[in-house]
>>> print(open('protein-v9.tsv').read())   # TSV, C-alpha atoms
chain	number	residue	atom	x	y	z
A	1	MET	CA	200.32	-43.11	-188.40
A	2	ALA	CA	203.55	-42.90	-186.42
A	3	THR	CA	205.05	-39.58	-185.54
A	4	ALA	CA	208.72	-38.88	-186.03
A	5	LEU	CA	210.83	-38.90	-182.89
A	6	ARG	CA	213.50	-36.34	-182.44
A	7	ALA	CA	216.59	-36.90	-180.33
A	8	SER	CA	216.79	-34.58	-177.37
A	9	GLY	CA	219.24	-31.79	-178.07
A	10	GLY	CA	219.43	-32.78	-181.72
A	11	GLY	CA	219.84	-29.80	-184.01
A	12	ARG	CA	220.34	-27.44	-181.11
A	13	LYS	CA	222.15	-24.30	-182.13
A	14	SER	CA	225.32	-23.34	-180.35
A	15	ASN	CA	224.94	-20.48	-177.87
A	16	LEU	CA	228.65	-19.66	-177.94
A	17	PRO	CA	229.63	-16.23	-179.21
A	18	LYS	CA	231.10	-16.35	-182.71
A	19	ASN	CA	233.64	-13.54	-182.47
A	20	ASN	CA	235.19	-13.74	-179.04
A	21	LYS	CA	237.13	-10.65	-178.07
A	22	SER	CA	238.92	-10.23	-174.75
A	23	SER	CA	238.49	-6.90	-173.02
A	24	ILE	CA	242.25	-6.81	-172.51
A	25	THR	CA	244.91	-6.95	-175.20
A	26	ARG	CA	247.96	-7.58	-173.04
A	27	ILE	CA	248.71	-8.34	-169.40
A	28	ALA	CA	252.10	-8.04	-167.72
A	29	PRO	CA	253.42	-10.96	-165.68
A	30	PRO	CA	252.66	-10.39	-161.98
A	31	PRO	CA	255.50	-10.24	-159.45
A	32	GLU	CA	254.13	-13.31	-157.64
A	33	LEU	CA	255.42	-15.63	-160.38
A	34	MET	CA	258.10	-17.89	-158.94
A	35	SER	CA	260.70	-18.04	-161.71
A	36	GLU	CA	261.69	-17.09	-165.24
A	37	THR	CA	260.08	-20.33	-166.41
A	38	ALA	CA	256.76	-19.27	-164.88
A	39	ILE	CA	257.11	-15.78	-166.41
A	40	SER	CA	257.81	-17.25	-169.84
A	41	LEU	CA	254.80	-19.57	-169.53
A	42	TRP	CA	252.64	-16.61	-168.43
A	43	LYS	CA	253.63	-14.64	-171.53
A	44	THR	CA	252.91	-17.45	-173.97
A	45	GLN	CA	249.69	-18.71	-172.39
A	46	SER	CA	248.20	-15.25	-171.77
A	47	LYS	CA	248.91	-14.33	-175.39
A	48	ILE	CA	247.19	-17.49	-176.63
A	49	LEU	CA	244.16	-16.98	-174.37
A	50	ILE	CA	243.82	-13.30	-175.34
A	51	GLN	CA	244.04	-14.15	-179.04
A	52	ARG	CA	241.29	-16.75	-178.56
A	53	GLY	CA	239.18	-14.17	-176.77
A	54	THR	CA	238.77	-16.33	-173.68
A	55	PHE	CA	240.96	-14.43	-171.20
A	56	GLU	CA	239.65	-11.74	-168.89
A	57	LEU	CA	241.20	-10.00	-165.92
A	58	GLU	CA	239.36	-12.24	-163.46
A	59	ASP	CA	241.18	-15.25	-165.01
A	60	ALA	CA	244.60	-13.86	-164.03
A	61	PRO	CA	244.74	-15.62	-160.61
A	62	LEU	CA	244.02	-18.96	-162.29
A	63	LEU	CA	246.79	-18.37	-164.82
A	64	LEU	CA	249.13	-17.31	-162.00
A	65	ALA	CA	248.46	-20.57	-160.14
A	66	TYR	CA	248.87	-22.51	-163.41
A	67	CYS	CA	252.28	-20.96	-164.12
A	68	ASN	CA	253.52	-21.43	-160.55
A	69	SER	CA	252.37	-25.06	-160.62
A	70	PHE	CA	254.39	-25.54	-163.77
A	71	HIS	CA	257.42	-24.05	-162.02
A	72	LEU	CA	256.98	-26.41	-159.05
A	73	MET	CA	256.67	-29.39	-161.38
A	74	ILE	CA	259.93	-28.46	-163.13
A	75	VAL	CA	261.75	-27.99	-159.79
A	76	ALA	CA	260.45	-31.34	-158.52
A	77	GLU	CA	261.59	-33.04	-161.75
A	78	LYS	CA	265.08	-31.59	-161.27
A	79	VAL	CA	265.20	-32.80	-157.65
A	80	ILE	CA	264.09	-36.28	-158.71
A	81	ALA	CA	266.68	-36.35	-161.51
A	82	ALA	CA	269.46	-35.27	-159.10
A	83	GLN	CA	268.36	-37.90	-156.58
A	84	ALA	CA	268.32	-40.52	-159.33
A	85	LEU	CA	271.99	-39.85	-160.04
A	86	LYS	CA	272.79	-40.50	-156.36
A	87	ASP	CA	270.54	-43.51	-155.93
A	88	LEU	CA	270.61	-45.56	-159.13
A	89	GLU	CA	268.71	-48.47	-157.59
A	90	ASN	CA	265.55	-46.48	-156.81
A	91	MET	CA	265.94	-43.90	-159.63
A	92	GLY	CA	265.26	-41.00	-157.26
A	93	LEU	CA	261.70	-42.06	-156.57
A	94	ALA	CA	262.32	-43.42	-153.08
A	95	ASP	CA	264.15	-42.16	-150.02
A	96	LEU	CA	265.09	-43.75	-146.74
A	97	GLY	CA	262.47	-43.30	-144.05
A	98	GLY	CA	263.04	-42.78	-140.33
A	99	THR	CA	262.91	-46.52	-139.64
A	100	GLY	CA	265.35	-47.37	-142.41
A	101	GLY	CA	262.73	-48.51	-144.94
A	102	LEU	CA	262.04	-46.94	-148.28
A	103	LYS	CA	259.39	-44.24	-148.68
A	104	LYS	CA	258.31	-42.13	-151.60
A	105	HIS	CA	260.60	-39.15	-152.13
A	106	PRO	CA	258.81	-35.88	-151.20
A	107	ALA	CA	259.60	-34.40	-154.62
A	108	VAL	CA	257.48	-37.13	-156.22
A	109	ALA	CA	254.45	-35.95	-154.23
A	110	VAL	CA	255.16	-32.32	-155.19
A	111	ARG	CA	255.40	-33.30	-158.84
A	112	ASN	CA	252.18	-35.31	-158.70
A	113	ASP	CA	250.31	-32.46	-156.98
A	114	SER	CA	251.66	-29.97	-159.51
A	115	VAL	CA	250.60	-32.10	-162.47
A	116	SER	CA	247.14	-32.48	-160.93
A	117	GLN	CA	246.85	-28.71	-160.48
A	118	LEU	CA	248.07	-28.10	-164.03
A	119	ALA	CA	245.40	-30.40	-165.42
A	120	ARG	CA	242.62	-28.86	-163.32
A	121	LEU	CA	243.61	-25.22	-163.88
A	122	GLY	CA	244.39	-25.82	-167.54
A	123	SER	CA	240.91	-27.22	-168.00
A	124	LEU	CA	239.34	-24.20	-166.32
A	125	LEU	CA	241.32	-21.87	-168.57
A	126	GLY	CA	240.59	-23.84	-171.74
A	127	LEU	CA	244.17	-25.03	-172.24
A	128	ASP	CA	243.35	-28.65	-172.98
A	129	PRO	CA	241.63	-29.86	-176.19
A	130	LEU	CA	238.32	-30.90	-174.62
A	131	SER	CA	237.73	-27.74	-172.60
A	132	ARG	CA	238.99	-25.61	-175.50
A	133	MET	CA	236.36	-27.15	-177.77
A	134	ARG	CA	233.73	-26.65	-175.06
A	135	MET	CA	234.66	-22.97	-174.69
A	136	THR	CA	235.15	-22.02	-178.32
A	137	GLY	CA	232.92	-24.50	-180.12
A	138	PRO	CA	233.90	-26.95	-182.86
A	139	ALA	CA	236.86	-26.04	-185.03
A	140	ASP	CA	234.94	-26.08	-188.33
A	141	PRO	CA	231.27	-25.10	-187.97
A	142	ASP	CA	230.68	-25.41	-191.72
A	143	SER	CA	231.53	-29.08	-191.82
A	144	GLY	CA	228.97	-31.55	-193.08
A	145	GLY	CA	227.49	-31.97	-189.61
A	146	GLY	CA	226.64	-35.06	-187.70
A	147	GLU	CA	224.81	-38.10	-188.98
A	148	PHE	CA	221.76	-37.24	-186.84
A	149	ASP	CA	221.36	-33.60	-187.94
A	150	GLU	CA	218.38	-34.45	-190.15
A	151	PHE	CA	216.40	-35.64	-187.16
>>> encode(input="protein-v9.tsv", output="structure tokens")
Amino acid sequence: MATALRASGGGRKSNLPKNNKSSITRIAPPPELMSETAISLWKTQSKILIQRGTFELEDAPLLLAYCNSFHLMIVAEKVIAAQALKDLENMGLADLGGTGGLKKHPAVAVRNDSVSQLARLGSLLGLDPLSRMRMTGPADPDSGGGEFDEF
């Protein structure tokens, strides 16, 4: 007689806390934020994270870096847009190098680095859909379940 095989991890219960509650209810924007845009982002994102119950005081430096990266991305976008108005042929993405050839405009590298930091820090903070689901669990735990739950 054959025995039933069970998929590894199948039916495992979630070990995530059900009612997350942050130990803080509000946190003021730190003076190290680089602009009003960064301050505004701090206020909205910290409020969201506190309401979710996933923000603690030790996460503040990550949120600070996230907000300042957003500021740098916006500044780089403005520099690229201004350069694009001057240089319609290259749309602001290239600049003349020391030898007279074209090279990537430095603002493009700043923007790319900022976007990379935003993605990485946002993931650590739970600000993207995949990491948010990982941190808080599935949106509807009372749904019908998966097709392999019976195993």
>>> closest_residue(input="protein-v9.tsv", among="A:Ala94, A:Arg26, A:Pro129, A:Gln83", to="Gln51 in chain A", atoms="all atoms listed in the file")
A:Arg26
>>> closest_residue(input="protein-v9.tsv", among="A:Lys21, A:Tyr66, A:Phe55, A:Ile50", to="Ala38 in chain A", atoms="only C-alpha atoms")
A:Tyr66
>>> residues_around(input="protein-v9.tsv", residues="Leu33 in chain A", least_positions_apart="3", cutoff="12 Å", atoms="all atoms listed in the file", output="PyMOL selection string")
chain A and resi 28-30+36-43+60-61+63-72
>>> write_last_selection(input="protein-v9.tsv", atoms="C-alpha atoms", output="PDB file, in the coordinates of the input")
ATOM      1  CA  ALA A  28     252.100  -8.040-167.720  1.00  0.00           C
ATOM      2  CA  PRO A  29     253.420 -10.960-165.680  1.00  0.00           C
ATOM      3  CA  PRO A  30     252.660 -10.390-161.980  1.00  0.00           C
ATOM      4  CA  GLU A  36     261.690 -17.090-165.240  1.00  0.00           C
ATOM      5  CA  THR A  37     260.080 -20.330-166.410  1.00  0.00           C
ATOM      6  CA  ALA A  38     256.760 -19.270-164.880  1.00  0.00           C
ATOM      7  CA  ILE A  39     257.110 -15.780-166.410  1.00  0.00           C
ATOM      8  CA  SER A  40     257.810 -17.250-169.840  1.00  0.00           C
ATOM      9  CA  LEU A  41     254.800 -19.570-169.530  1.00  0.00           C
ATOM     10  CA  TRP A  42     252.640 -16.610-168.430  1.00  0.00           C
ATOM     11  CA  LYS A  43     253.630 -14.640-171.530  1.00  0.00           C
ATOM     12  CA  ALA A  60     244.600 -13.860-164.030  1.00  0.00           C
ATOM     13  CA  PRO A  61     244.740 -15.620-160.610  1.00  0.00           C
ATOM     14  CA  LEU A  63     246.790 -18.370-164.820  1.00  0.00           C
ATOM     15  CA  LEU A  64     249.130 -17.310-162.000  1.00  0.00           C
ATOM     16  CA  ALA A  65     248.460 -20.570-160.140  1.00  0.00           C
ATOM     17  CA  TYR A  66     248.870 -22.510-163.410  1.00  0.00           C
ATOM     18  CA  CYS A  67     252.280 -20.960-164.120  1.00  0.00           C
ATOM     19  CA  ASN A  68     253.520 -21.430-160.550  1.00  0.00           C
ATOM     20  CA  SER A  69     252.370 -25.060-160.620  1.00  0.00           C
ATOM     21  CA  PHE A  70     254.390 -25.540-163.770  1.00  0.00           C
ATOM     22  CA  HIS A  71     257.420 -24.050-162.020  1.00  0.00           C
ATOM     23  CA  LEU A  72     256.980 -26.410-159.050  1.00  0.00           C
TER      24      LEU A  72
END
>>> closest_residue(input="protein-v9.tsv", among="A:Leu93, A:Thr54, A:Gly126, A:Ser23", to="Ala76 in chain A", atoms="only C-alpha atoms")
A:Leu93
>>> closest_residue(input="protein-v9.tsv", among="A:Ile27, A:Ile48, A:Val79, A:Glu58", to="Arg111 in chain A", atoms="only C-alpha atoms")
A:Val79
>>> closest_residue(input="protein-v9.tsv", among="A:Asp113, A:Gly101, A:Ala84, A:Leu49", to="Asp128 in chain A", atoms="all atoms listed in the file")
A:Leu49
>>> atom_distance(input="protein-v9.tsv", atom1="CA of Val110 in chain A", atom2="CA of Met73 in chain A")
7.0 Å
>>> atom_distance(input="protein-v9.tsv", atom1="CA of Leu127 in chain A", atom2="CA of Pro106 in chain A")
27.8 Å
>>> atom_distance(input="protein-v9.tsv", atom1="CA of Ala82 in chain A", atom2="CA of Ala107 in chain A")
10.9 Å
>>> closest_residue(input="protein-v9.tsv", among="A:Ile24, A:Met133, A:Leu102, A:Ile74", to="Val115 in chain A", atoms="all atoms listed in the file")
A:Ile74
>>> build_atoms(input="protein-v9.tsv", residues="range 45-56 of chain A", atoms="all heavy atoms", output="mmCIF file, keeping the file's coordinate frame")
data_model
loop_
_atom_site.group_PDB
_atom_site.id
_atom_site.type_symbol
_atom_site.label_atom_id
_atom_site.label_comp_id
_atom_site.auth_asym_id
_atom_site.auth_seq_id
_atom_site.Cartn_x
_atom_site.Cartn_y
_atom_site.Cartn_z
ATOM 1 N N GLN A 45 251.066 -18.272 -172.591
ATOM 2 C CA GLN A 45 249.690 -18.710 -172.390
ATOM 3 C C GLN A 45 248.713 -17.528 -172.380
ATOM 4 O O GLN A 45 247.606 -17.628 -172.907
ATOM 5 C CB GLN A 45 249.557 -19.525 -171.101
ATOM 6 C CG GLN A 45 250.349 -20.806 -171.092
ATOM 7 C CD GLN A 45 249.985 -21.739 -172.224
ATOM 8 O OE1 GLN A 45 248.861 -21.790 -172.694
ATOM 9 N NE2 GLN A 45 250.960 -22.486 -172.687
ATOM 10 N N SER A 46 249.099 -16.402 -171.772
ATOM 11 C CA SER A 46 248.200 -15.250 -171.770
ATOM 12 C C SER A 46 247.994 -14.737 -173.187
ATOM 13 O O SER A 46 246.879 -14.347 -173.565
ATOM 14 C CB SER A 46 248.717 -14.132 -170.860
ATOM 15 O OG SER A 46 249.940 -13.611 -171.330
ATOM 16 N N LYS A 47 249.040 -14.759 -173.990
ATOM 17 C CA LYS A 47 248.910 -14.330 -175.390
ATOM 18 C C LYS A 47 247.947 -15.234 -176.156
ATOM 19 O O LYS A 47 247.077 -14.750 -176.888
ATOM 20 C CB LYS A 47 250.297 -14.335 -176.055
ATOM 21 C CG LYS A 47 250.288 -13.852 -177.479
ATOM 22 C CD LYS A 47 251.690 -13.850 -178.056
ATOM 23 C CE LYS A 47 251.667 -13.433 -179.512
ATOM 24 N NZ LYS A 47 253.008 -13.468 -180.100
ATOM 25 N N ILE A 48 248.081 -16.529 -175.957
ATOM 26 C CA ILE A 48 247.190 -17.490 -176.630
ATOM 27 C C ILE A 48 245.744 -17.269 -176.195
ATOM 28 O O ILE A 48 244.838 -17.216 -177.025
ATOM 29 C CB ILE A 48 247.637 -18.932 -176.339
ATOM 30 C CG1 ILE A 48 248.941 -19.242 -177.066
ATOM 31 C CG2 ILE A 48 246.560 -19.938 -176.720
ATOM 32 C CD1 ILE A 48 249.600 -20.540 -176.642
ATOM 33 N N LEU A 49 245.530 -17.144 -174.881
ATOM 34 C CA LEU A 49 244.160 -16.980 -174.370
ATOM 35 C C LEU A 49 243.547 -15.659 -174.824
ATOM 36 O O LEU A 49 242.350 -15.600 -175.140
ATOM 37 C CB LEU A 49 244.165 -17.085 -172.846
ATOM 38 C CG LEU A 49 244.516 -18.460 -172.280
ATOM 39 C CD1 LEU A 49 244.712 -18.389 -170.783
ATOM 40 C CD2 LEU A 49 243.448 -19.470 -172.644
ATOM 41 N N ILE A 50 244.329 -14.597 -174.878
ATOM 42 C CA ILE A 50 243.820 -13.300 -175.340
ATOM 43 C C ILE A 50 243.476 -13.372 -176.817
ATOM 44 O O ILE A 50 242.429 -12.864 -177.249
ATOM 45 C CB ILE A 50 244.831 -12.178 -175.034
ATOM 46 C CG1 ILE A 50 244.869 -11.914 -173.528
ATOM 47 C CG2 ILE A 50 244.477 -10.892 -175.785
ATOM 48 C CD1 ILE A 50 245.988 -11.000 -173.078
ATOM 49 N N GLN A 51 244.323 -14.021 -177.617
ATOM 50 C CA GLN A 51 244.040 -14.150 -179.040
ATOM 51 C C GLN A 51 242.768 -14.959 -179.287
ATOM 52 O O GLN A 51 242.015 -14.675 -180.218
ATOM 53 C CB GLN A 51 245.210 -14.819 -179.765
ATOM 54 C CG GLN A 51 246.396 -13.911 -179.948
ATOM 55 C CD GLN A 51 247.595 -14.643 -180.541
ATOM 56 O OE1 GLN A 51 247.643 -15.871 -180.589
ATOM 57 N NE2 GLN A 51 248.577 -13.870 -180.987
ATOM 58 N N ARG A 52 242.524 -15.957 -178.450
ATOM 59 C CA ARG A 52 241.290 -16.750 -178.560
ATOM 60 C C ARG A 52 240.069 -15.975 -178.103
ATOM 61 O O ARG A 52 238.944 -16.351 -178.405
ATOM 62 C CB ARG A 52 241.395 -17.993 -177.692
ATOM 63 C CG ARG A 52 241.958 -19.140 -178.360
ATOM 64 C CD ARG A 52 241.719 -20.353 -177.497
ATOM 65 N NE ARG A 52 242.872 -21.213 -177.655
ATOM 66 C CZ ARG A 52 243.409 -21.939 -176.718
ATOM 67 N NH1 ARG A 52 242.913 -21.933 -175.510
ATOM 68 N NH2 ARG A 52 244.452 -22.674 -176.961
ATOM 69 N N GLY A 53 240.300 -14.945 -177.302
ATOM 70 C CA GLY A 53 239.180 -14.170 -176.770
ATOM 71 C C GLY A 53 238.572 -14.792 -175.529
ATOM 72 O O GLY A 53 237.434 -14.496 -175.180
ATOM 73 N N THR A 54 239.316 -15.649 -174.850
ATOM 74 C CA THR A 54 238.770 -16.330 -173.680
ATOM 75 C C THR A 54 239.410 -15.885 -172.381
ATOM 76 O O THR A 54 239.145 -16.475 -171.341
ATOM 77 C CB THR A 54 238.939 -17.860 -173.814
ATOM 78 O OG1 THR A 54 240.328 -18.162 -173.941
ATOM 79 C CG2 THR A 54 238.177 -18.398 -175.009
ATOM 80 N N PHE A 55 240.249 -14.866 -172.402
ATOM 81 C CA PHE A 55 240.960 -14.430 -171.200
ATOM 82 C C PHE A 55 240.458 -13.074 -170.749
ATOM 83 O O PHE A 55 240.415 -12.127 -171.524
ATOM 84 C CB PHE A 55 242.467 -14.377 -171.462
ATOM 85 C CG PHE A 55 243.290 -14.153 -170.231
ATOM 86 C CD1 PHE A 55 243.439 -15.152 -169.291
ATOM 87 C CD2 PHE A 55 243.923 -12.946 -170.007
ATOM 88 C CE1 PHE A 55 244.207 -14.961 -168.153
ATOM 89 C CE2 PHE A 55 244.700 -12.740 -168.878
ATOM 90 C CZ PHE A 55 244.836 -13.757 -167.951
ATOM 91 N N GLU A 56 240.074 -12.999 -169.492
ATOM 92 C CA GLU A 56 239.650 -11.740 -168.890
ATOM 93 C C GLU A 56 240.482 -11.519 -167.625
ATOM 94 O O GLU A 56 241.156 -12.423 -167.150
ATOM 95 C CB GLU A 56 238.154 -11.786 -168.540
ATOM 96 C CG GLU A 56 237.245 -11.924 -169.757
ATOM 97 C CD GLU A 56 237.314 -10.755 -170.720
ATOM 98 O OE1 GLU A 56 237.617 -9.621 -170.273
ATOM 99 O OE2 GLU A 56 237.099 -10.966 -171.913
#
